[in-house]
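Peer 1: start.csv is reproduced below (CSV, C-alpha atoms).
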chain,number,residue,atom,x,y,z
A,1,MET,CA,38.0,121.1,115.4
A,2,ASP,CA,35.0,120.4,117.7
A,3,THR,CA,34.3,116.9,119.1
A,4,SER,CA,31.6,116.1,116.5
A,5,ALA,CA,34.0,117.0,113.7
A,6,ARG,CA,36.7,114.9,115.3
A,7,ILE,CA,34.3,112.0,115.6
A,8,SER,CA,33.4,112.2,111.9
A,9,VAL,CA,37.1,112.0,111.1
A,10,LEU,CA,37.6,109.1,113.5
A,11,GLN,CA,34.7,107.2,111.9
A,12,ARG,CA,36.8,107.0,108.7
A,13,VAL,CA,39.8,105.6,110.5
A,14,PRO,CA,40.0,101.8,110.1
A,15,LEU,CA,41.7,101.5,113.5
A,16,PHE,CA,38.5,102.7,115.1
A,17,ALA,CA,36.1,100.7,112.9
A,18,GLY,CA,33.2,99.0,114.8
A,19,LEU,CA,33.8,100.9,118.1
A,20,PRO,CA,30.7,102.1,119.9
A,21,ALA,CA,29.9,105.8,119.7
A,22,GLU,CA,30.7,106.2,123.4
A,23,ALA,CA,34.2,104.9,122.7
A,24,LEU,CA,34.7,107.2,119.7
A,25,GLY,CA,33.6,110.1,121.8
A,26,ARG,CA,36.2,109.3,124.5
A,27,ILE,CA,38.9,108.8,121.9
A,28,ALA,CA,38.0,112.1,120.2
A,29,GLY,CA,37.9,113.9,123.5
A,30,THR,CA,41.4,112.8,124.5
A,31,ALA,CA,43.0,113.8,121.2
A,32,LEU,CA,45.5,116.7,121.0
A,33,GLU,CA,45.3,118.9,117.9
A,34,VAL,CA,48.6,119.5,116.1
A,35,ARG,CA,48.5,122.1,113.3
A,36,VAL,CA,51.2,121.7,110.7
A,37,ALA,CA,52.0,124.4,108.2
A,38,LYS,CA,52.8,123.4,104.6
A,39,ASN,CA,56.3,121.9,104.3
A,40,ASP,CA,56.7,121.6,108.1
A,41,SER,CA,57.2,118.3,109.8
A,42,PRO,CA,55.3,117.1,112.8
A,43,PHE,CA,58.0,114.5,113.4
A,44,ARG,CA,61.2,113.3,111.8
A,45,GLN,CA,62.7,109.9,111.1
A,46,GLY,CA,64.7,108.8,114.1
A,47,ASP,CA,62.9,111.0,116.6
A,48,PRO,CA,61.5,109.1,119.7
A,49,ALA,CA,57.9,108.1,118.8
A,50,THR,CA,55.9,110.0,121.4
A,51,HIS,CA,52.5,110.3,119.7
A,52,GLY,CA,50.3,108.3,117.3
A,53,HIS,CA,48.5,110.5,114.8
A,54,VAL,CA,45.5,110.6,112.6
A,55,VAL,CA,45.1,113.1,109.8
A,56,GLY,CA,42.2,115.4,110.5
A,57,TRP,CA,42.4,117.4,107.4
A,58,GLY,CA,45.1,118.3,104.9
A,59,ARG,CA,47.7,116.0,103.2
A,60,ILE,CA,50.9,114.5,104.6
A,61,ARG,CA,53.8,112.9,102.8
A,62,LEU,CA,55.8,110.2,104.5
A,63,ASP,CA,59.5,110.3,103.5
A,64,GLN,CA,62.2,107.8,104.4
A,65,ALA,CA,65.9,108.5,104.0
A,66,THR,CA,68.1,105.5,103.1
A,67,ALA,CA,71.5,104.7,104.6
A,68,ASP,CA,73.2,106.4,101.6
A,69,GLY,CA,71.2,109.5,101.9
A,70,GLN,CA,68.6,109.0,99.2
A,71,ASN,CA,65.0,110.0,99.9
A,72,VAL,CA,62.1,107.6,99.3
A,73,VAL,CA,58.5,108.7,99.3
A,74,LEU,CA,56.7,105.9,101.2
A,75,ARG,CA,53.2,107.2,100.7
A,76,TYR,CA,50.8,110.1,100.8
A,77,MET,CA,48.1,110.4,103.5
A,78,GLY,CA,44.8,112.2,103.8
A,79,PRO,CA,42.0,112.6,106.3
A,80,GLY,CA,41.5,109.4,108.4
A,81,ASP,CA,44.9,108.0,107.7
A,82,MET,CA,47.1,107.0,110.7
A,83,LEU,CA,50.7,107.8,111.0
A,84,GLY,CA,53.4,107.1,113.6
A,85,THR,CA,51.1,104.8,115.6
A,86,VAL,CA,52.9,101.5,114.9
A,87,ALA,CA,56.2,103.1,116.1
A,88,VAL,CA,54.5,104.2,119.3
A,89,LEU,CA,53.0,100.8,120.0
A,90,ARG,CA,56.3,99.1,119.2
A,91,GLY,CA,58.4,101.5,121.2
A,92,ILE,CA,60.7,102.3,118.3
A,93,PRO,CA,61.8,105.7,116.8
A,94,TYR,CA,59.6,107.1,114.0
A,95,PRO,CA,60.8,105.1,110.9
A,96,ALA,CA,60.0,108.0,108.5
A,97,THR,CA,59.6,111.8,108.3
A,98,ALA,CA,56.2,113.3,107.9
A,99,VAL,CA,55.9,116.4,105.8
A,100,ALA,CA,52.8,118.5,105.3
A,101,VAL,CA,52.1,118.8,101.6
A,102,GLU,CA,49.5,121.5,102.5
A,103,ASP,CA,48.4,123.1,105.8
A,104,SER,CA,47.1,120.2,107.8
A,105,LEU,CA,45.7,119.3,111.2
A,106,LEU,CA,46.6,116.1,113.0
A,107,LEU,CA,44.9,114.5,115.9
A,108,ALA,CA,47.5,113.0,118.2
A,109,TRP,CA,47.5,110.7,121.2
A,110,SER,CA,50.5,110.2,123.5
A,111,ALA,CA,52.0,106.8,124.0
A,112,PRO,CA,50.5,106.3,127.5
A,113,ARG,CA,47.1,107.5,126.2
A,114,LEU,CA,47.2,105.0,123.3
A,115,SER,CA,48.1,102.2,125.7
A,116,GLU,CA,45.1,103.1,127.8
A,117,LEU,CA,42.8,103.0,124.8
A,118,PHE,CA,44.1,99.7,123.6
A,119,ASN,CA,43.5,98.2,127.0
A,120,ALA,CA,40.0,99.7,127.2
A,121,TYR,CA,38.9,98.6,123.7
A,122,PRO,CA,40.3,95.2,122.6
A,123,ALA,CA,38.6,95.7,119.2
A,124,LEU,CA,41.4,98.2,118.6
A,125,ALA,CA,44.0,95.4,118.6
A,126,LEU,CA,42.1,93.4,116.0
A,127,ASN,CA,41.7,96.4,113.8
A,128,ALA,CA,45.4,97.1,114.2
A,129,ILE,CA,46.3,93.6,113.0
A,130,ARG,CA,44.1,94.0,109.9
A,131,LEU,CA,45.6,97.4,109.2
A,132,VAL,CA,49.2,96.2,109.5
A,133,GLY,CA,48.2,93.3,107.2
A,134,THR,CA,46.9,95.7,104.6
A,135,ARG,CA,50.0,97.9,104.7
A,136,LEU,CA,52.2,94.7,104.3
A,137,GLU,CA,50.2,93.7,101.3
A,138,GLU,CA,50.7,97.2,99.8
A,139,LEU,CA,54.4,96.9,100.4
A,140,GLN,CA,54.6,93.4,98.8
A,141,GLN,CA,52.8,94.8,95.8
A,142,ARG,CA,55.2,97.7,95.6
A,143,LEU,CA,58.3,95.5,96.0
A,144,GLN,CA,57.1,93.4,93.1
A,145,GLU,CA,56.7,96.5,90.9
A,146,VAL,CA,60.1,97.7,91.8
A,147,ALA,CA,61.6,94.4,91.0
A,148,THR,CA,59.8,94.2,87.7
A,149,GLN,CA,60.7,97.8,86.7
A,150,ARG,CA,64.4,97.2,87.5
A,151,VAL,CA,64.6,94.1,85.4
A,152,GLU,CA,62.9,96.0,82.5
A,153,ARG,CA,65.7,98.6,82.8
A,154,ARG,CA,68.3,95.8,82.7
A,155,ILE,CA,66.8,94.2,79.6
A,156,ALA,CA,66.7,97.5,77.8
A,157,GLY,CA,70.3,98.1,78.8
A,158,THR,CA,71.3,94.7,77.4
A,159,LEU,CA,69.6,95.5,74.1
A,160,LEU,CA,71.5,98.9,73.9
A,161,ARG,CA,74.8,97.1,74.4
A,162,LEU,CA,73.9,94.7,71.6
A,163,VAL,CA,73.1,97.7,69.4
A,164,ARG,CA,76.4,99.2,70.2
A,165,GLN,CA,78.2,96.0,69.3
A,166,GLY,CA,76.5,95.3,66.0
A,167,GLY,CA,73.3,97.1,65.4
A,168,ARG,CA,72.4,98.1,61.9
A,169,ARG,CA,69.8,100.3,60.3
A,170,GLY,CA,67.0,98.4,58.6
A,171,GLU,CA,63.9,99.5,56.9
A,172,GLN,CA,61.7,99.4,60.0
A,173,GLY,CA,64.2,100.4,62.6
A,174,ILE,CA,67.4,99.3,64.2
A,175,GLU,CA,68.1,95.7,63.9
A,176,ILE,CA,70.1,93.5,66.2
A,177,PRO,CA,71.5,91.0,63.8
A,178,PHE,CA,72.9,88.5,66.2
A,179,SER,CA,71.2,85.2,66.2
A,180,MET,CA,70.2,85.1,69.8
A,181,SER,CA,67.5,83.2,71.8
A,182,ARG,CA,65.5,84.7,74.6
A,183,GLN,CA,67.4,82.4,76.9
A,184,ASP,CA,70.6,84.1,75.7
A,185,LEU,CA,69.1,87.4,76.5
A,186,ALA,CA,68.0,86.3,79.9
A,187,GLU,CA,71.5,85.2,80.8
A,188,LEU,CA,73.0,88.4,79.5
A,189,THR,CA,70.6,90.3,81.7
A,190,ALA,CA,70.8,88.0,84.7
A,191,THR,CA,67.1,87.3,84.8
A,192,THR,CA,64.8,84.5,83.8
A,193,LEU,CA,63.5,83.4,80.4
A,194,HIS,CA,60.0,84.0,81.6
A,195,THR,CA,60.8,87.6,82.5
A,196,VAL,CA,62.5,88.3,79.2
A,197,SER,CA,59.6,86.8,77.3
A,198,ARG,CA,57.0,88.8,79.2
A,199,THR,CA,59.0,92.0,78.9
A,200,LEU,CA,59.6,91.6,75.1
A,201,SER,CA,56.0,90.8,74.6
A,202,ALA,CA,54.9,93.9,76.4
A,203,TRP,CA,57.3,96.0,74.4
A,204,GLU,CA,56.1,94.5,71.2
A,205,GLN,CA,52.5,95.4,72.1
A,206,GLN,CA,53.6,98.9,72.8
A,207,GLY,CA,55.3,99.0,69.4
A,208,ILE,CA,58.8,99.6,70.9
A,209,ILE,CA,60.3,96.5,69.3
A,210,SER,CA,59.4,93.9,66.8
A,211,ALA,CA,60.3,90.3,67.6
A,212,ARG,CA,58.4,88.2,65.2
A,213,ARG,CA,61.4,86.0,64.7
A,214,SER,CA,62.8,85.4,68.1
A,215,SER,CA,66.4,85.5,66.9
A,216,HIS,CA,65.9,88.8,65.1
A,217,LEU,CA,65.0,91.8,67.2
A,218,VAL,CA,64.2,95.1,65.5
A,219,ILE,CA,64.0,98.3,67.6
A,220,LEU,CA,61.1,100.3,66.2
A,221,GLN,CA,61.3,103.1,68.8
A,222,PRO,CA,64.9,103.6,69.8
A,223,HIS,CA,64.3,106.7,71.8
A,224,ARG,CA,61.8,105.0,74.0
A,225,LEU,CA,64.1,102.0,74.6
A,226,VAL,CA,66.9,104.4,75.7
A,227,ALA,CA,64.4,106.1,78.0
A,228,ILE,CA,63.5,102.8,79.6
A,229,ALA,CA,67.2,101.9,80.0
A,230,GLU,CA,68.0,105.2,81.6
A,231,GLU,CA,65.0,106.0,83.7
A,232,ALA,CA,65.8,106.9,87.2
B,233,MET,CA,72.1,122.8,53.3
B,234,GLU,CA,69.6,122.2,56.2
B,235,GLU,CA,68.0,119.3,54.3
B,236,SER,CA,71.3,117.5,53.6
B,237,ILE,CA,72.4,117.8,57.2
B,238,LEU,CA,69.1,116.4,58.4
B,239,ASN,CA,69.8,113.2,56.5
B,240,LEU,CA,73.1,112.7,58.3
B,241,THR,CA,73.1,110.3,61.2
B,242,VAL,CA,73.6,111.9,64.6
B,243,SER,CA,77.0,110.1,64.8
B,244,GLU,CA,78.0,111.6,61.4
B,245,VAL,CA,77.1,115.1,62.7
B,246,LEU,CA,79.1,114.6,65.9
B,247,ALA,CA,82.1,113.3,63.8
B,248,ARG,CA,82.0,116.1,61.4
B,249,TRP,CA,81.5,118.8,64.0
B,250,PRO,CA,82.9,117.7,67.4
B,251,ALA,CA,81.8,121.0,68.8
B,252,SER,CA,78.2,120.0,68.2
B,253,VAL,CA,78.3,118.1,71.6
B,254,SER,CA,77.5,121.3,73.4
B,255,PHE,CA,74.9,122.2,70.9
B,256,PHE,CA,73.0,119.0,71.7
B,257,THR,CA,73.4,119.2,75.4
B,258,GLY,CA,72.4,122.8,75.3
B,259,ARG,CA,69.1,121.7,73.9
B,260,LYS,CA,68.7,118.9,76.5
B,261,MET,CA,69.2,116.3,73.8
B,262,ALA,CA,71.0,113.2,75.1
B,263,CYS,CA,72.4,112.3,71.6
B,264,PRO,CA,76.2,112.4,72.3
B,265,GLY,CA,77.1,108.9,73.6
B,266,CYS,CA,73.7,107.4,72.9
B,267,ALA,CA,73.8,103.9,71.5
B,268,MET,CA,71.3,104.8,68.8
B,269,ALA,CA,73.3,107.8,67.5
B,270,PRO,CA,74.8,105.9,64.6
B,271,PHE,CA,71.4,104.8,63.4
B,272,MET,CA,69.2,107.9,63.8
B,273,SER,CA,69.2,110.8,61.4
B,274,LEU,CA,69.4,114.3,62.7
B,275,ARG,CA,65.8,114.7,61.5
B,276,GLU,CA,64.6,111.8,63.5
B,277,ALA,CA,66.4,113.0,66.6
B,278,ALA,CA,64.9,116.4,66.3
B,279,ARG,CA,61.4,114.9,66.0
B,280,GLU,CA,62.0,112.7,69.1
B,281,TYR,CA,62.7,115.8,71.1
B,282,GLY,CA,59.7,117.6,69.7
B,283,GLN,CA,61.8,120.2,67.8
B,284,ASP,CA,61.4,121.5,64.3
B,285,PRO,CA,64.0,119.7,62.2
B,286,VAL,CA,64.7,122.5,59.8
B,287,GLY,CA,65.0,125.1,62.5
B,288,LEU,CA,67.3,122.8,64.5
B,289,ALA,CA,69.5,122.3,61.5
B,290,ALA,CA,69.7,126.0,60.8
B,291,ASP,CA,70.7,126.7,64.4
B,292,LEU,CA,73.3,123.9,64.2
B,293,ILE,CA,74.9,125.4,61.1
B,294,ASP,CA,74.9,128.9,62.8
B,295,ALA,CA,76.5,127.5,66.0
B,296,MET,CA,79.1,125.5,64.1
B,297,GLU,CA,80.0,128.5,61.9
B,298,ARG,CA,80.4,130.6,65.0
B,299,ALA,CA,82.5,127.9,66.7
B,300,ALA,CA,84.7,127.7,63.5
B,301,ALA,CA,85.2,131.5,63.5
B,302,GLY,CA,86.4,131.1,67.1
What is this file in structure tokens?
Peer 2:
Amino acid sequence: MDTSARISVLQRVPLFAGLPAEALGRIAGTALEVRVAKNDSPFRQGDPATHGHVVGWGRIRLDQATADGQNVVLRYMGPGDMLGTVAVLRGIPYPATAVAVEDSLLLAWSAPRLSELFNAYPALALNAIRLVGTRLEELQQRLQEVATQRVERRIAGTLLRLVRQGGRRGEQGIEIPFSMSRQDLAELTATTLHTVSRTLSAWEQQGIISARRSSHLVILQPHRLVAIAEEA
Amino acid sequence: MEESILNLTVSEVLARWPASVSFFTGRKMACPGCAMAPFMSLREAAREYGQDPVGLAADLIDAMERAAAG
């Protein structure tokens, strides 16, 4: 990758936004090139963070292992995306493992080199704050989704328990004959009335249930409800 | 024969032929133990899994006859 190709990659990197061409030239000139074959890892979770990287070309997946050994895909990254940089700046180990989804090229800067650049170009610090803020916003969004999806599962599971306890076949579908308010359902599921109402309304719109009378739920698509209750 | 079996609920099928558990699991059907099994006919279950009901019933009869023959 020649310098002008590097510069055109760096122009897409939010960290380097608004820097003068001379600065981009210097940053591009000091980058190391790291080629990563498909399925290989340029760094692993827990390794000392020695370099900050920008994807030059290719695609990288960021995986994080949880304490109990489960793997979580944090995000996918493409040309212009930064990885490992925050760990370098904070002086902590890489918090995640990078895996090349396809043959990729990373531009990399060593920790001392990154410090030099941040001292030389204060705009980098401002950009970094914006960038970290954006990531934080993404994470908050995702946390909210995870929380919502989990409560959906719980509500579906509660309905299945009720079906086991007294469901009966009606003309339209499987009826839960208990006289039961949404508040009852919320307490059975350990969630809020608001969440139960919102979830049941969504399922009604999707044709999964019919809840025209609040005390009388009919499951129109049993298979889908089971799928929601059991989704991984 | 196929038609009358298809009108049974999945629970009735499982009660009548306990060996059908492995028939369902072999077809990646999560019917055994499902909360909905008492309420869904075998025909509905087949459709949910995108399988031809009559073909499924014929295979089930075959499998249960073979199981009974030991």
Peer 1: Any idea what's packed within 8 Å of B:Arg275, counting only C-alpha atoms, ignoring anything in its chain fewer than 5 positions away? Could you give it as a list in words?
Peer 2: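 Listing them by chain and then by number gives Leu238, Asn239 and Pro285 of chain B.
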Peer 1: Provide as a PyMOL selection string the residues of chain A at most 9 Å from chain B, counting all atoms listed in the file.
Peer 2: chain A and resi 160-161+163-164+167-169+173-174+222-223+226
Peer 1: Can you pull out the residues contacting B:Gln283? Cut-off 12 Å, using all atoms listed in the file, and skip same-chain residues under 4 positions away; I want them as a list in words.
Peer 2: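 Once the nearby chain positions are removed, what remains is Phe256, Arg259, Lys260, Met261, Leu274, Arg275, Glu276, Ala277, Ala278, Arg279, Gly287, Leu288, Ala289 and Asp291 of chain B.
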Peer 1: May I have the residues from that selection written out with C-alpha atoms, as a tab-separated table (two decimals), keeping the file's coordinate frame?
Peer 2:
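Output (again.tsv):
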chain	number	residue	atom	x	y	z
B	256	PHE	CA	73.00	119.00	71.70
B	259	ARG	CA	69.10	121.70	73.90
B	260	LYS	CA	68.70	118.90	76.50
B	261	MET	CA	69.20	116.30	73.80
B	274	LEU	CA	69.40	114.30	62.70
B	275	ARG	CA	65.80	114.70	61.50
B	276	GLU	CA	64.60	111.80	63.50
B	277	ALA	CA	66.40	113.00	66.60
B	278	ALA	CA	64.90	116.40	66.30
B	279	ARG	CA	61.40	114.90	66.00
B	287	GLY	CA	65.00	125.10	62.50
B	288	LEU	CA	67.30	122.80	64.50
B	289	ALA	CA	69.50	122.30	61.50
B	291	ASP	CA	70.70	126.70	64.40
Peer 1: Per residue of stretch 51-125 of chain A within 10 Å of stretch 131-135 of chain A, record the nearest atom pair and its distance in Å to one decimal, counting only C-alpha atoms, with rows in chain order and ascending residue number, as CSV.
Peer 2:
residue,atom,partner,partner_atom,distance
A:Met82,CA,A:Leu131,CA,9.8
A:Val86,CA,A:Val132,CA,8.4
A:Ala125,CA,A:Leu131,CA,9.7
Peer 1: I need the residue nearest A:Leu193 from this list: A:Leu225, A:Val151, A:Ile176, A:Leu106. Use all atoms listed in the file for the distance.
Peer 2: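 Using all atoms listed in the file, the shortest distance to A:Leu193 belongs to A:Val151.
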Peer 1: Any idea what's packed within 10 Å of A:Thr195, counting only C-alpha atoms, ignoring anything in its chain fewer than 2 positions away? Could you give it as a list of chain:residue names?
Peer 2: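 Near A:Thr195, the qualifying residues are A:Thr148, A:Val151, A:Glu152, A:Ile155, A:Arg182, A:Ala186, A:Thr191, A:Thr192, A:Leu193, A:Ser197, A:Arg198, A:Thr199, A:Leu200, A:Ser201.
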Peer 1: For B:Gly302, which residue out of B:Glu235, B:Ala251, B:Gly265, B:Asp284 is the nearest one, using only C-alpha atoms?
Peer 2: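 Closest to B:Gly302 of all the choices is B:Ala251.
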Peer 1: Kindly give the distance, in Å, that separates atom CA of A:Glu204 and atom CA of A:Gln165, rounded to a single decimal.
Peer 2: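 According to the coordinates, atom CA of A:Glu204 and atom CA of A:Gln165 are separated by 22.2 Å.
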Peer 1: Write out as a list in words each polymer residue whose atoms come within 10 Å of B:Leu292, counting all atoms listed in the file; drop sequence neighbours fewer than 2 positions from it.
Peer 2: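 Listing them by chain and then by number gives Glu234, Ile237, Val245, Trp249, Ser252, Phe255, Phe256, Val286, Gly287, Leu288, Ala289, Ala290, Asp294, Ala295, Met296, Glu297 and Arg298 of chain B.
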Peer 1: For the residues selected in the previous step, produce a file with C-alpha atoms as a PDB file, keeping the file's coordinate frame.
Peer 2:
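Wrote result.pdb, looks like this:
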ATOM      1  CA  GLU B 234      69.600 122.200  56.200  1.00  0.00           C
ATOM      2  CA  ILE B 237      72.400 117.800  57.200  1.00  0.00           C
ATOM      3  CA  VAL B 245      77.100 115.100  62.700  1.00  0.00           C
ATOM      4  CA  TRP B 249      81.500 118.800  64.000  1.00  0.00           C
ATOM      5  CA  SER B 252      78.200 120.000  68.200  1.00  0.00           C
ATOM      6  CA  PHE B 255      74.900 122.200  70.900  1.00  0.00           C
ATOM      7  CA  PHE B 256      73.000 119.000  71.700  1.00  0.00           C
ATOM      8  CA  VAL B 286      64.700 122.500  59.800  1.00  0.00           C
ATOM      9  CA  GLY B 287      65.000 125.100  62.500  1.00  0.00           C
ATOM     10  CA  LEU B 288      67.300 122.800  64.500  1.00  0.00           C
ATOM     11  CA  ALA B 289      69.500 122.300  61.500  1.00  0.00           C
ATOM     12  CA  ALA B 290      69.700 126.000  60.800  1.00  0.00           C
ATOM     13  CA  ASP B 294      74.900 128.900  62.800  1.00  0.00           C
ATOM     14  CA  ALA B 295      76.500 127.500  66.000  1.00  0.00           C
ATOM     15  CA  MET B 296      79.100 125.500  64.100  1.00  0.00           C
ATOM     16  CA  GLU B 297      80.000 128.500  61.900  1.00  0.00           C
ATOM     17  CA  ARG B 298      80.400 130.600  65.000  1.00  0.00           C
TER      18      ARG B 298
END
Peer 1: How would stretch 233-253 of chain B read, as a CSV table (one decimal), in the frame of the given file, once N, CA and C atoms are built in?
Peer 2:
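Generated file (result26.csv):
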chain,number,residue,atom,x,y,z
B,233,MET,N,71.1,123.2,52.3
B,233,MET,CA,72.1,122.8,53.3
B,233,MET,C,71.4,122.1,54.5
B,234,GLU,N,70.3,122.8,55.0
B,234,GLU,CA,69.6,122.2,56.2
B,234,GLU,C,69.2,120.7,55.9
B,235,GLU,N,68.6,120.6,54.6
B,235,GLU,CA,68.0,119.3,54.3
B,235,GLU,C,69.1,118.2,54.3
B,236,SER,N,70.3,118.5,53.7
B,236,SER,CA,71.3,117.5,53.6
B,236,SER,C,71.9,117.1,55.0
B,237,ILE,N,71.9,118.1,55.9
B,237,ILE,CA,72.4,117.8,57.2
B,237,ILE,C,71.4,117.0,58.0
B,238,LEU,N,70.1,117.2,57.7
B,238,LEU,CA,69.1,116.4,58.4
B,238,LEU,C,69.1,115.0,58.1
B,239,ASN,N,69.7,114.6,56.9
B,239,ASN,CA,69.8,113.2,56.5
B,239,ASN,C,71.0,112.5,57.1
B,240,LEU,N,71.9,113.3,57.6
B,240,LEU,CA,73.1,112.7,58.3
B,240,LEU,C,72.6,111.9,59.5
B,241,THR,N,73.4,110.9,59.9
B,241,THR,CA,73.1,110.3,61.2
B,241,THR,C,73.7,111.3,62.3
B,242,VAL,N,73.1,111.1,63.5
B,242,VAL,CA,73.6,111.9,64.6
B,242,VAL,C,75.1,111.7,64.8
B,243,SER,N,75.6,110.4,64.6
B,243,SER,CA,77.0,110.1,64.8
B,243,SER,C,77.8,110.9,63.7
B,244,GLU,N,77.3,110.9,62.5
B,244,GLU,CA,78.0,111.6,61.4
B,244,GLU,C,78.1,113.1,61.8
B,245,VAL,N,77.0,113.7,62.3
B,245,VAL,CA,77.1,115.1,62.7
B,245,VAL,C,78.1,115.3,63.8
B,246,LEU,N,78.2,114.4,64.7
B,246,LEU,CA,79.1,114.6,65.9
B,246,LEU,C,80.6,114.4,65.4
B,247,ALA,N,80.7,113.5,64.4
B,247,ALA,CA,82.1,113.3,63.8
B,247,ALA,C,82.6,114.5,63.0
B,248,ARG,N,81.6,115.0,62.3
B,248,ARG,CA,82.0,116.1,61.4
B,248,ARG,C,82.2,117.4,62.2
B,249,TRP,N,81.4,117.6,63.2
B,249,TRP,CA,81.5,118.8,64.0
B,249,TRP,C,81.6,118.4,65.5
B,250,PRO,N,82.8,118.1,66.0
B,250,PRO,CA,82.9,117.7,67.4
B,250,PRO,C,82.3,118.8,68.4
B,251,ALA,N,82.3,120.0,67.9
B,251,ALA,CA,81.8,121.0,68.8
B,251,ALA,C,80.3,120.9,69.0
B,252,SER,N,79.6,120.1,68.2
B,252,SER,CA,78.2,120.0,68.2
B,252,SER,C,77.7,119.3,69.5
B,253,VAL,N,78.6,118.7,70.3
B,253,VAL,CA,78.3,118.1,71.6
B,253,VAL,C,77.6,119.1,72.4
